[in-house]
Amino acid sequence: MNLHGLILCGGRSSRMKQDKSSVLFQGKPLLSYATNLFDTLGLDFHLSINSSQTQLKEHYSCIEDAFEAKGPLGGILSAMKTLGKNLLVIPVDMPHLNQSLLNHLIDAQDTHKMVRCFQLNERLEPFPSIWRASSAEKLELFIRDGELSLQNCITQLPHQLIDCDDSTSFRNMNSPRDLE
């Protein structure tokens, strides 16, 4: 499966109270963890950004969310409509993701599923995830109907869940306290 990377950066960061892409974690901006990961995997990638993050366009290939305030689903669909490619999606706020975990996700190919992600203790983890470009039409329907929960959307699509027991990798940085 031919994949293109997508780093979700366009969230409101209401709990963090600043743009997460520039927040420092262990002395490095959160965005650098994600970009380094895609560089290590040898994947081309884009950033999914909101309209107030245009400064990121100076250094990265970016796709501005076409679906304002629709959460991660809006960012994923904007990228699908712009690129027309299968996407390996990671959020900017998960610095513990690693190459081994993403390779496991990539290697668990099931060509008949629209989305592939992990489950931890029988709980669906929406990121990291692989989204087939062919799911764009369904994502548009979810957005039109106001269904923005990624977990609900994933379970309504043909999907593949991969068991994982590495809870550290799925930890995201939502507030300043998480950075400690």
# chains A, B, ... in the order shown; residues from 1 in each chain; ligands from 1
call {"tool": "residues_around", "arguments": {"residues": "A:Val92", "least_positions_apart": "4", "cutoff": "9 Å", "atoms": "only C-alpha atoms", "output": "VMD selection string"}}
result
chain A and resid 7 to 9 20 to 21 30 to 35 172 to 173
call {"tool": "write_last_selection", "arguments": {"atoms": "C-alpha atoms", "output": "PDB file, in the first residue's frame"}}
result
ATOM      1  CA  ILE A   7       0.588  15.100  11.050  1.00  0.00           C
ATOM      2  CA  LEU A   8      -2.517  16.570  12.668  1.00  0.00           C
ATOM      3  CA  CYS A   9      -1.572  20.017  14.030  1.00  0.00           C
ATOM      4  CA  LYS A  20       1.029  22.215  20.426  1.00  0.00           C
ATOM      5  CA  SER A  21       3.373  22.078  17.443  1.00  0.00           C
ATOM      6  CA  LEU A  30       6.437  18.334  19.775  1.00  0.00           C
ATOM      7  CA  LEU A  31       6.308  18.767  15.997  1.00  0.00           C
ATOM      8  CA  SER A  32       9.931  17.636  15.657  1.00  0.00           C
ATOM      9  CA  TYR A  33       9.097  14.204  17.121  1.00  0.00           C
ATOM     10  CA  ALA A  34       6.477  13.621  14.423  1.00  0.00           C
ATOM     11  CA  THR A  35       8.519  14.983  11.518  1.00  0.00           C
ATOM     12  CA  ASN A 172      -0.627  12.304  24.257  1.00  0.00           C
ATOM     13  CA  MET A 173       0.273  15.717  25.603  1.00  0.00           C
TER      14      MET A 173
END
call {"tool": "select_by_dssp", "arguments": {"residues": "stretch 6-157 of chain A", "states": "strand (DSSP E or B)", "output": "PyMOL selection string"}}
result
chain A and resi 6-8+24-25+28-29+45-49+62-64+86-91+115-120+123-131
call {"tool": "residues_around", "arguments": {"residues": "A:Ala79", "least_positions_apart": "4", "cutoff": "9 Å", "atoms": "only C-alpha atoms", "output": "MDAnalysis selection string"}}
result
chainID A and resid 6 46:48 63:66 74:75 83:85 87
call {"tool": "residues_around", "arguments": {"residues": "stretch 137-151 of chain A", "least_positions_apart": "6", "cutoff": "10 Å", "atoms": "only C-alpha atoms", "output": "list in words"}}
result
Phe67, Ala69, Lys70, Gly71, Pro72, Leu73, Gly74, Ile76, Leu77, Ser78, Met80, Lys81, Met114, Arg123, Leu124, Glu125, Pro126, Phe127 and Leu157 of chain A
call {"tool": "write_last_selection", "arguments": {"atoms": "N, CA and C atoms", "output": "tab-separated table (two decimals), in the first residue's frame"}}
result
chain	number	residue	atom	x	y	z
A	67	PHE	N	-12.58	21.95	6.61
A	67	PHE	CA	-13.78	21.74	7.42
A	67	PHE	C	-13.52	22.31	8.80
A	69	ALA	N	-13.51	23.50	12.50
A	69	ALA	CA	-14.06	23.01	13.77
A	69	ALA	C	-14.70	21.63	13.64
A	70	LYS	N	-14.13	20.78	12.83
A	70	LYS	CA	-14.64	19.42	12.69
A	70	LYS	C	-13.66	18.40	13.27
A	71	GLY	N	-12.67	18.88	14.01
A	71	GLY	CA	-11.74	17.98	14.69
A	71	GLY	C	-10.84	17.23	13.74
A	72	PRO	N	-10.25	16.15	14.26
A	72	PRO	CA	-9.31	15.37	13.44
A	72	PRO	C	-9.93	14.85	12.15
A	73	LEU	N	-11.21	14.51	12.20
A	73	LEU	CA	-11.88	14.00	11.00
A	73	LEU	C	-11.83	15.01	9.87
A	74	GLY	N	-12.01	16.29	10.19
A	74	GLY	CA	-11.93	17.34	9.18
A	74	GLY	C	-10.54	17.46	8.58
A	76	ILE	N	-8.26	15.00	8.41
A	76	ILE	CA	-8.02	13.80	7.60
A	76	ILE	C	-8.72	13.93	6.25
A	77	LEU	N	-9.98	14.35	6.27
A	77	LEU	CA	-10.73	14.47	5.01
A	77	LEU	C	-10.15	15.57	4.13
A	78	SER	N	-9.74	16.68	4.72
A	78	SER	CA	-9.11	17.75	3.92
A	78	SER	C	-7.88	17.22	3.19
A	80	MET	N	-7.23	14.03	2.44
A	80	MET	CA	-7.64	13.05	1.42
A	80	MET	C	-8.11	13.75	0.15
A	81	LYS	N	-8.91	14.79	0.32
A	81	LYS	CA	-9.44	15.50	-0.85
A	81	LYS	C	-8.33	16.25	-1.59
A	114	MET	N	-10.99	-0.04	5.30
A	114	MET	CA	-10.82	1.39	5.02
A	114	MET	C	-9.92	2.07	6.03
A	123	ARG	N	-9.61	-1.40	23.90
A	123	ARG	CA	-10.08	-0.03	23.64
A	123	ARG	C	-9.43	0.46	22.36
A	124	LEU	N	-10.26	0.89	21.43
A	124	LEU	CA	-9.78	1.39	20.15
A	124	LEU	C	-8.95	2.66	20.35
A	125	GLU	N	-7.77	2.68	19.77
A	125	GLU	CA	-6.90	3.87	19.78
A	125	GLU	C	-6.91	4.44	18.37
A	126	PRO	N	-7.50	5.63	18.18
A	126	PRO	CA	-7.64	6.15	16.81
A	126	PRO	C	-6.33	6.59	16.16
A	127	PHE	N	-5.29	6.80	16.95
A	127	PHE	CA	-3.99	7.19	16.40
A	127	PHE	C	-2.88	6.39	17.04
A	157	LEU	N	-16.92	1.93	9.82
A	157	LEU	CA	-16.25	1.63	8.56
A	157	LEU	C	-15.65	0.23	8.63
call {"tool": "closest_atom_pairs", "arguments": {"of": "stretch 47-100 of chain A", "to": "stretch 161-171 of chain A", "cutoff": "7 Å", "atoms": "only C-alpha atoms", "output": "JSON lines"}}
result
{"residue": "A:Met94", "atom": "CA", "partner": "A:Arg171", "partner_atom": "CA", "distance": 6.1}
{"residue": "A:His96", "atom": "CA", "partner": "A:Ser169", "partner_atom": "CA", "distance": 4.7}
{"residue": "A:Leu97", "atom": "CA", "partner": "A:Ser169", "partner_atom": "CA", "distance": 4.8}
call {"tool": "write_last_selection", "arguments": {"atoms": "N, CA and C atoms", "output": "PDB file, in the first residue's frame"}}
result
ATOM      1  N   MET A  94       1.773  13.274  20.253  1.00  0.00           N
ATOM      2  CA  MET A  94       2.120  11.928  20.720  1.00  0.00           C
ATOM      3  C   MET A  94       3.615  11.659  20.503  1.00  0.00           C
ATOM      4  N   HIS A  96       5.721   9.881  22.008  1.00  0.00           N
ATOM      5  CA  HIS A  96       6.234   8.551  22.334  1.00  0.00           C
ATOM      6  C   HIS A  96       6.020   7.527  21.227  1.00  0.00           C
ATOM      7  N   LEU A  97       5.370   7.944  20.141  1.00  0.00           N
ATOM      8  CA  LEU A  97       5.238   7.025  19.007  1.00  0.00           C
ATOM      9  C   LEU A  97       6.637   6.689  18.513  1.00  0.00           C
TER      10      LEU A  97
END
call {"tool": "atom_distance", "arguments": {"atom1": "atom CA of A:Pro158", "atom2": "atom CA of A:Asn86"}}
result
14.9 Å
call {"tool": "select_by_dssp", "arguments": {"residues": "stretch 26-157 of chain A", "states": "helix (DSSP H, G or I)", "output": "JSON, numbers by chain"}}
result
{"A": [30, 31, 32, 33, 34, 35, 36, 37, 38, 39, 40, 41, 54, 55, 56, 57, 58, 71, 72, 73, 74, 75, 76, 77, 78, 79, 80, 81, 82, 83, 99, 100, 101, 102, 103, 104, 105, 106, 107, 133, 134, 135, 136, 137, 138, 139, 140, 141, 142, 143, 144, 150, 151, 152, 153, 154, 155, 156]}
call {"tool": "atom_distance", "arguments": {"atom1": "atom CA of A:Val89", "atom2": "atom CA of A:Gln26"}}
result
23.0 Å
call {"tool": "atom_distance", "arguments": {"atom1": "atom CA of A:Gly10", "atom2": "atom CA of A:Gln53"}}
result
7.6 Å
